[in-house]
Number of protein chains: 2
Amino acid sequence: MHDTETGHPADLMDKLVSLCKRRGFIFQSSEIYGGLGSVYDYGPLGAELKNNIRDDWWSAMVHRHEDIEGIESGILMHPEVWVASGHVGGFTDPLTECRNCHRRFRADELEEVAAGNVAAQQCPVCGTTGEFTEPRQFNLMFKTFMGPVEEDAAIVYLRPETAQGSYVNFRNVADSARQKIPFGVAQIGKAFRNEITPGNFIFRTREFEQMEMQFFVKPGTDEEWFEVWRERRMAWVRSLGIRSERLRLHPHGPDELAHYAKRAEDIQYLFPFGWQEFEGIHNRTDFDLTRHQERAGKKLEYFEQATNERYVPYVVETAVGLNRALLVVLADAYDEEEVESETRVVLRLAPHLAPVKAAVFPLVKKDGMPEIAEKLAADLRGRLNVFYDASGSIGRRYRRQDEAGTPFCVTIDGQTVEDDSVTVRDRDTLEQVRVPLDGVLAFVQDAVSAARRDG
Amino acid sequence: MHDTETGHPADLMDKLVSLCKRRGFIFQSSEIYGGLGSVYDYGPLGAELKNNIRDDWWSAMVHRHEDIEGIESGILMHPEVWVASGHVGGFTDPLTECRNCHRRFRADELEEVAAGNVAAQQCPVCGTTGEFTEPRQFNLMFKTFMGPVEEDAAIVYLRPETAQGSYVNFRNVADSARQKIPFGVAQIGKAFRNEITPGNFIFRTREFEQMEMQFFVKPGTDEEWFEVWRERRMAWVRSLGIRSERLRLHPHGPDELAHYAKRAEDIQYLFPFGWQEFEGIHNRTDFDLTRHQERAGKKLEYFEQATNERYVPYVVETAVGLNRALLVVLADAYDEEEVESETRVVLRLAPHLAPVKAAVFPLVKKDGMPEIAEKLAADLRGRLNVFYDASGSIGRRYRRQDEAGTPFCVTIDGQTVEDDSVTVRDRDTLEQVRVPLDGVLAFVQDAVSAARRDG
């Protein structure tokens, strides 16, 4: 049964949540205490998958571009940063409260409140009509107190985006790395937003991870760089193995544009809950640098030697949510098919993203097979992430690896003892080929590299 | 000039801070706003060095140990976690305030206050005597408010250690990864402590990153596992290339042991400011799991099939500060020597940790040399982190790479044009050898792998 609009298996989100917990991709945070609203922990397979997406982005962005520098700024920053960026004043959602049950809602998500008819709104929780407060603005930044005094002077915020860390370091990076415009600053890190209505599993969470790149360009060249980065980012998203019919670009209309943006396009994915953004490309103009220049009283200009010009650079930003990208990868990889009149659940992850590259099995626990299999697994370990499994029927072991997204299962069988060959089973085609024992590493490595190149 | 006790160059900390800023290893956070107390940002070279140490730990710990699973839990956790762990009640420092100048101090760092003679204490800031308050306990956890209401019910903490995230996920990991005791759970992530007196550059900061592994063992085997892990951790530290005469183990005396610990040993490094801990090995007994079991009302026992026994496992923890490890690596690598009557500053980083593995230079900007050099750099990029540089004298370019810790500089010269050979200059020995153009990748890769193995 597949959903006719999205092509996803029916009830995919429920199935994903269940698989993620069962197989150790994603657990609810502090589950033994009943969980913490909308925070998630990544289990053994999930942490590995997240690392693989993260490393792939870093490598594609930082290592393969001579004109991009990677940095890592703190989660805690000087509070003036967020005044200058506009977040203290304007990073808010309108909030309304039902006076009867005291539940709070985003005002723009309640139809009558949003239309200005507060008195006509019925509470979706307790059913009371007309008890909603007038909407007021609620700031989405988490705040805390630094130093041993809880007073206003010591308020600091958990950053709601990594971008500002790149802007305030613009001069430091340009000077120390001797970069000339155009050049980019990339970083990966946690960000926090006190969302009023988080949800859809790891899609919208209060703690999340961003992979953002700020590309500093000469004013007037920003439109053309926007196009370049939109194409490059779409190519990267496709390289993750995402089906192109579930991808689209969504240009922001005038009503959707953030206060700092001249132009923005989202890369959207067709989730089971509809089309939603997981990456954005933004022309942020010189808004942020100019604001910091004014507030900090420090020049953030660039001097172009070739033309003797001095200017505040424009910024083209590419910003992807790592957790959302992981959800896209999982949702797109999840598949069910009938094999030998049983339903096989398989994660068709791109091999370079798969947490485990190869599983190694002895067919049976005798005739020297476990010894050969253990030695092979030990030889591969450290070069490849491998998993050794000797328990249960071979069919059951295959199914466990299908659910983990492992692209190759290597089985040591009776013939191995005779001729040093093993079977390698392909997760997607279910085909089995015989490979020499000492050729397994190269076989798997080549297949992983080829998949990455083709992606 | 070297310090006779530590062997470090004189004024090493000042020199390191300066080099780190100049070359883009580490910047003060929010520097354009005057900085944020004791938070630091990692620049292009620093982010790469940090990633290399992080990846090396993860690979050594998770990928090379069949019995260790990696996870990544949230920075925000259910507040009850910190009640159970003892942090809400007891993770405090005694604090005293000068009533005259209102500066606050750790009571144990002021001699007279610590001895109980508050009236005799003279303020080290304003010089007033006898104006200190009686010490009171100050909790070191940062707190914030989750959800759109600032009230007690919504208080959450920024985790002060990653360990608790591994404990509360103990059952989830064991079940999903089908691990049997003994096994470990490893994770890397940010933690936060509202230190009253941070300092010594990145040694003690309020935002920092931990690499922690919790090894769950059968009670009674904990002492022997403690020994195993102490040796394994020392071996890893040595593999970073740290001089053994600046390393020592410091067993905790009864006064030093944390409330949860039966035994603990620190791995200390001889910093310019003395012997200080940067990693700890702790026998945490069943303290944490038992406390969570009681408070959450969820069994955290393990059933051992072979013996039919049921028990709460003991935990041997290994905990290293990533930022401190990075400071150790930098401090140990920094060297000065006289070369051709000039002082050469060189970071003798282990090649597998070096941010840039090879720099590529055309000797002069003519005769086809830049084209060959650019092509070589492009071919290497993506396989190795390389840096292309064509500006300034060749001597100056070498010096810049020495300061960045780049182990190899590859120069395209007149002979390259004739016979396709290049010179490769070794950062440490200053020796130059000729290598075929198409053998540069293998030459550098082999040298990096060999250094890692020898470490």
# chains A, B, ... in the order shown; residues from 1 in each chain; ligands from 1
$ closest_atom_pairs --of "chain A" --to "chain B" --cutoff "7 Å" --atoms "only C-alpha atoms" --output "CSV"
residue,atom,partner,partner_atom,distance
A:Arg22,CA,B:Ser176,CA,5.7
A:Arg23,CA,B:Ser176,CA,5.0
A:Gly24,CA,B:Ser176,CA,5.0
A:Ser29,CA,B:Met77,CA,6.5
A:Ser30,CA,B:His78,CA,5.7
A:Ile32,CA,B:Ala296,CA,6.0
A:Tyr33,CA,B:Ala296,CA,5.5
A:Gly35,CA,B:His78,CA,6.8
A:Leu36,CA,B:His78,CA,5.3
A:Val39,CA,B:Gly74,CA,6.7
A:Tyr40,CA,B:Gly74,CA,6.4
A:Asp41,CA,B:Ser73,CA,4.2
A:Tyr42,CA,B:Glu72,CA,4.9
A:Gly43,CA,B:Ile71,CA,4.7
A:Pro44,CA,B:Gly70,CA,5.0
A:Ala47,CA,B:Ile71,CA,5.3
A:His63,CA,B:Gly382,CA,5.8
A:Arg64,CA,B:Gly382,CA,5.3
A:Glu69,CA,B:Pro44,CA,5.5
A:Gly70,CA,B:Pro44,CA,5.0
A:Ile71,CA,B:Gly43,CA,4.7
A:Glu72,CA,B:Tyr42,CA,4.9
A:Ser73,CA,B:Asp41,CA,4.2
A:Gly74,CA,B:Asp41,CA,5.7
A:Met77,CA,B:Ser30,CA,6.0
A:His78,CA,B:Leu36,CA,5.4
A:Phe142,CA,B:Thr144,CA,6.5
A:Lys143,CA,B:Thr144,CA,5.8
A:Thr144,CA,B:Thr144,CA,5.0
A:Phe145,CA,B:Phe142,CA,6.8
A:Met146,CA,B:Asn194,CA,6.4
A:Gly147,CA,B:Asn194,CA,6.0
A:Pro148,CA,B:Ile196,CA,6.4
A:Val168,CA,B:Ser30,CA,6.2
A:Val173,CA,B:Gly24,CA,6.6
A:Ser176,CA,B:Arg23,CA,5.0
A:Ala177,CA,B:Gly24,CA,6.7
A:Asn194,CA,B:Gly147,CA,6.1
A:Ile196,CA,B:Gly147,CA,6.3
A:Ala296,CA,B:Tyr33,CA,5.5
A:Lys298,CA,B:Ile32,CA,6.5
A:Arg381,CA,B:Arg64,CA,5.9
A:Gly382,CA,B:Arg64,CA,5.4
A:Asn385,CA,B:His63,CA,6.1
$ write_last_selection --atoms "C-alpha atoms" --output "PDB file, in the first residue's frame"
ATOM      1  CA  ARG A  22      13.866  -0.514  17.162  1.00  0.00           C
ATOM      2  CA  ARG A  23      17.065  -0.419  15.133  1.00  0.00           C
ATOM      3  CA  GLY A  24      18.784   2.345  17.070  1.00  0.00           C
ATOM      4  CA  SER A  29      15.397  12.215  24.569  1.00  0.00           C
ATOM      5  CA  SER A  30      15.286  11.180  28.259  1.00  0.00           C
ATOM      6  CA  ILE A  32      12.952   6.802  30.794  1.00  0.00           C
ATOM      7  CA  TYR A  33      11.660  10.093  32.262  1.00  0.00           C
ATOM      8  CA  GLY A  35      10.735  12.187  27.186  1.00  0.00           C
ATOM      9  CA  LEU A  36      11.553  15.847  26.695  1.00  0.00           C
ATOM     10  CA  VAL A  39      14.311  16.686  21.558  1.00  0.00           C
ATOM     11  CA  TYR A  40      15.754  13.483  20.102  1.00  0.00           C
ATOM     12  CA  ASP A  41      18.864  11.375  20.685  1.00  0.00           C
ATOM     13  CA  TYR A  42      20.684   9.559  17.904  1.00  0.00           C
ATOM     14  CA  GLY A  43      21.446   5.890  18.536  1.00  0.00           C
ATOM     15  CA  PRO A  44      24.341   3.855  17.091  1.00  0.00           C
ATOM     16  CA  ALA A  47      24.802   8.840  14.942  1.00  0.00           C
ATOM     17  CA  HIS A  63      37.666  20.502   1.183  1.00  0.00           C
ATOM     18  CA  ARG A  64      36.617  20.620  -2.454  1.00  0.00           C
ATOM     19  CA  GLU A  69      36.921  28.184   4.649  1.00  0.00           C
ATOM     20  CA  GLY A  70      35.400  26.122   7.458  1.00  0.00           C
ATOM     21  CA  ILE A  71      35.014  27.533  10.946  1.00  0.00           C
ATOM     22  CA  GLU A  72      33.307  26.562  14.197  1.00  0.00           C
ATOM     23  CA  SER A  73      31.969  29.389  16.332  1.00  0.00           C
ATOM     24  CA  GLY A  74      30.440  29.105  19.786  1.00  0.00           C
ATOM     25  CA  MET A  77      27.816  34.668  21.660  1.00  0.00           C
ATOM     26  CA  HIS A  78      27.849  38.261  22.863  1.00  0.00           C
ATOM     27  CA  PHE A 142      16.447  30.461  24.439  1.00  0.00           C
ATOM     28  CA  LYS A 143      18.114  32.667  27.021  1.00  0.00           C
ATOM     29  CA  THR A 144      20.388  31.827  29.893  1.00  0.00           C
ATOM     30  CA  PHE A 145      22.631  33.637  32.366  1.00  0.00           C
ATOM     31  CA  MET A 146      26.406  33.678  32.148  1.00  0.00           C
ATOM     32  CA  GLY A 147      28.533  34.253  35.220  1.00  0.00           C
ATOM     33  CA  PRO A 148      27.459  33.943  38.824  1.00  0.00           C
ATOM     34  CA  VAL A 168      31.256  38.516  13.101  1.00  0.00           C
ATOM     35  CA  VAL A 173      38.784  34.652   8.412  1.00  0.00           C
ATOM     36  CA  SER A 176      44.111  34.804   8.512  1.00  0.00           C
ATOM     37  CA  ALA A 177      43.275  32.680   5.455  1.00  0.00           C
ATOM     38  CA  ASN A 194      12.016  27.723  21.376  1.00  0.00           C
ATOM     39  CA  ILE A 196       5.766  26.928  20.119  1.00  0.00           C
ATOM     40  CA  ALA A 296      30.031  47.194  16.964  1.00  0.00           C
ATOM     41  CA  LYS A 298      34.093  48.168  13.571  1.00  0.00           C
ATOM     42  CA  ARG A 381      37.306  -2.835  10.572  1.00  0.00           C
ATOM     43  CA  GLY A 382      39.039   0.520  10.660  1.00  0.00           C
ATOM     44  CA  ASN A 385      32.453   0.310   9.202  1.00  0.00           C
TER      45      ASN A 385
END
$ select_by_dssp --residues "range 132-288 of chain B" --states "strand (DSSP E)" --output "PyMOL selection string"
chain B and resi 136-139+143-145+155-157+183-192+207-217+247-251+263-271+274-285
$ atom_distance --atom1 "CA of His87 in chain B" --atom2 "CA of Gly220 in chain B"
26.8 Å
$ atom_distance --atom1 "CA of Leu441 in chain A" --atom2 "CA of Leu353 in chain A"
17.2 Å
$ closest_residue --among "B:Ala264, B:Leu347, B:Val312, B:Leu437" --to "Ile372 in chain B" --atoms "only C-alpha atoms"
B:Leu437
$ atom_distance --atom1 "CA of Tyr311 in chain A" --atom2 "CA of Glu224 in chain A"
18.1 Å
$ select_by_dssp --residues "range 101-177 of chain B" --states "alpha helix (DSSP H)" --output "list in words"
Glu111, Glu112, Val113, Ala114, Ala163, Gln164, Gly165, Ser166, Tyr167, Val168, Phe170, Arg171, Asn172, Val173, Ala174, Asp175, Ser176 and Ala177 of chain B
$ residues_around --residues "range 317-331 of chain B" --least-positions-apart "4" --cutoff "7 Å" --atoms "only C-alpha atoms" --output "PyMOL selection string"
chain B and resi 50+202-203+208-215+242+278-284
$ residues_around --residues "range 125-128 of chain A" --least-positions-apart "3" --cutoff "12 Å" --atoms "only C-alpha atoms" --output "PyMOL selection string"
chain A and resi 97-105+110+119-122+131-132
$ decode --residues "range 425-439 of chain B" --atoms "all heavy atoms" --output "tab-separated table (two decimals), in the first residue's frame"
chain	number	residue	atom	x	y	z
B	425	ARG	N	59.36	19.08	0.46
B	425	ARG	CA	60.15	19.53	1.60
B	425	ARG	C	59.47	19.08	2.88
B	425	ARG	O	58.26	19.26	3.06
B	425	ARG	CB	60.26	21.05	1.54
B	425	ARG	CG	60.99	21.69	2.73
B	425	ARG	CD	60.15	22.81	3.24
B	425	ARG	NE	60.81	23.71	4.16
B	425	ARG	CZ	60.16	24.20	5.20
B	425	ARG	NH1	58.91	23.88	5.45
B	425	ARG	NH2	60.78	25.06	5.99
B	426	ASP	N	60.26	18.47	3.77
B	426	ASP	CA	59.75	17.97	5.04
B	426	ASP	C	59.79	19.08	6.09
B	426	ASP	O	60.83	19.70	6.30
B	426	ASP	CB	60.62	16.78	5.47
B	426	ASP	CG	60.11	16.13	6.74
B	426	ASP	OD1	60.22	16.75	7.82
B	426	ASP	OD2	59.61	15.00	6.65
B	427	ARG	N	58.65	19.33	6.73
B	427	ARG	CA	58.52	20.42	7.71
B	427	ARG	C	59.54	20.30	8.85
B	427	ARG	O	60.11	21.31	9.28
B	427	ARG	CB	57.10	20.39	8.30
B	427	ARG	CG	56.84	21.37	9.42
B	427	ARG	CD	55.59	20.95	10.19
B	427	ARG	NE	55.82	19.69	10.90
B	427	ARG	CZ	54.84	18.89	11.34
B	427	ARG	NH1	53.58	19.18	11.12
B	427	ARG	NH2	55.15	17.78	11.99
B	428	ASP	N	59.77	19.08	9.33
B	428	ASP	CA	60.59	18.91	10.53
B	428	ASP	C	62.09	18.83	10.22
B	428	ASP	O	62.89	19.46	10.89
B	428	ASP	CB	60.14	17.67	11.30
B	428	ASP	CG	58.71	17.83	11.81
B	428	ASP	OD1	58.32	18.99	12.08
B	428	ASP	OD2	58.00	16.82	11.91
B	429	THR	N	62.45	18.06	9.20
B	429	THR	CA	63.88	17.89	8.90
B	429	THR	C	64.39	18.94	7.93
B	429	THR	O	65.60	19.11	7.77
B	429	THR	CB	64.13	16.52	8.26
B	429	THR	OG1	63.44	16.47	6.99
B	429	THR	CG2	63.59	15.39	9.14
B	430	LEU	N	63.48	19.62	7.26
B	430	LEU	CA	63.80	20.60	6.22
B	430	LEU	C	64.47	19.96	5.00
B	430	LEU	O	64.92	20.66	4.09
B	430	LEU	CB	64.71	21.73	6.76
B	430	LEU	CG	64.13	22.52	7.93
B	430	LEU	CD1	65.11	23.59	8.39
B	430	LEU	CD2	62.81	23.16	7.52
B	431	GLU	N	64.51	18.63	4.99
B	431	GLU	CA	65.09	17.94	3.84
B	431	GLU	C	64.15	18.03	2.64
B	431	GLU	O	62.93	18.05	2.79
B	431	GLU	CB	65.34	16.47	4.16
B	431	GLU	CG	66.68	16.25	4.84
B	431	GLU	CD	66.84	14.82	5.33
B	431	GLU	OE1	66.21	13.92	4.73
B	431	GLU	OE2	67.56	14.64	6.32
B	432	GLN	N	64.76	18.06	1.46
B	432	GLN	CA	63.97	18.09	0.23
B	432	GLN	C	64.32	16.87	-0.61
B	432	GLN	O	65.49	16.57	-0.80
B	432	GLN	CB	64.26	19.37	-0.55
B	432	GLN	CG	64.02	20.62	0.28
B	432	GLN	CD	63.86	21.87	-0.58
B	432	GLN	OE1	63.79	21.78	-1.80
B	432	GLN	NE2	63.81	23.01	0.07
B	433	VAL	N	63.27	16.20	-1.08
B	433	VAL	CA	63.51	15.07	-1.98
B	433	VAL	C	62.74	15.31	-3.27
B	433	VAL	O	61.75	16.03	-3.27
B	433	VAL	CB	63.05	13.72	-1.36
B	433	VAL	CG1	63.92	13.37	-0.16
B	433	VAL	CG2	61.58	13.76	-0.96
B	434	ARG	N	63.21	14.71	-4.35
B	434	ARG	CA	62.46	14.83	-5.61
B	434	ARG	C	61.56	13.61	-5.77
B	434	ARG	O	61.97	12.47	-5.53
B	434	ARG	CB	63.42	14.97	-6.81
B	434	ARG	CG	64.08	16.34	-6.85
B	434	ARG	CD	64.50	16.77	-8.25
B	434	ARG	NE	63.42	17.33	-9.04
B	434	ARG	CZ	63.06	18.62	-9.01
B	434	ARG	NH1	63.68	19.48	-8.24
B	434	ARG	NH2	62.07	19.06	-9.76
B	435	VAL	N	60.32	13.90	-6.16
B	435	VAL	CA	59.28	12.87	-6.27
B	435	VAL	C	58.60	13.08	-7.62
B	435	VAL	O	58.44	14.21	-8.06
B	435	VAL	CB	58.26	13.04	-5.11
B	435	VAL	CG1	57.03	12.18	-5.30
B	435	VAL	CG2	58.91	12.77	-3.75
B	436	PRO	N	58.23	11.99	-8.31
B	436	PRO	CA	57.51	12.18	-9.58
B	436	PRO	C	56.16	12.86	-9.32
B	436	PRO	O	55.52	12.59	-8.31
B	436	PRO	CB	57.29	10.76	-10.12
B	436	PRO	CG	57.95	9.84	-9.17
B	436	PRO	CD	58.40	10.57	-7.98
B	437	LEU	N	55.76	13.71	-10.23
B	437	LEU	CA	54.51	14.46	-10.12
B	437	LEU	C	53.34	13.52	-9.81
B	437	LEU	O	52.50	13.80	-8.94
B	437	LEU	CB	54.27	15.18	-11.45
B	437	LEU	CG	53.28	16.34	-11.51
B	437	LEU	CD1	53.53	17.38	-10.44
B	437	LEU	CD2	53.35	17.00	-12.89
B	438	ASP	N	53.29	12.38	-10.51
B	438	ASP	CA	52.15	11.48	-10.30
B	438	ASP	C	52.33	10.58	-9.07
B	438	ASP	O	51.52	9.70	-8.81
B	438	ASP	CB	51.86	10.66	-11.56
B	438	ASP	CG	53.03	9.76	-11.95
B	438	ASP	OD1	54.01	9.69	-11.16
B	438	ASP	OD2	52.98	9.17	-13.04
B	439	GLY	N	53.42	10.79	-8.31
B	439	GLY	CA	53.62	10.01	-7.11
B	439	GLY	C	53.41	10.82	-5.84
B	439	GLY	O	53.57	10.30	-4.72
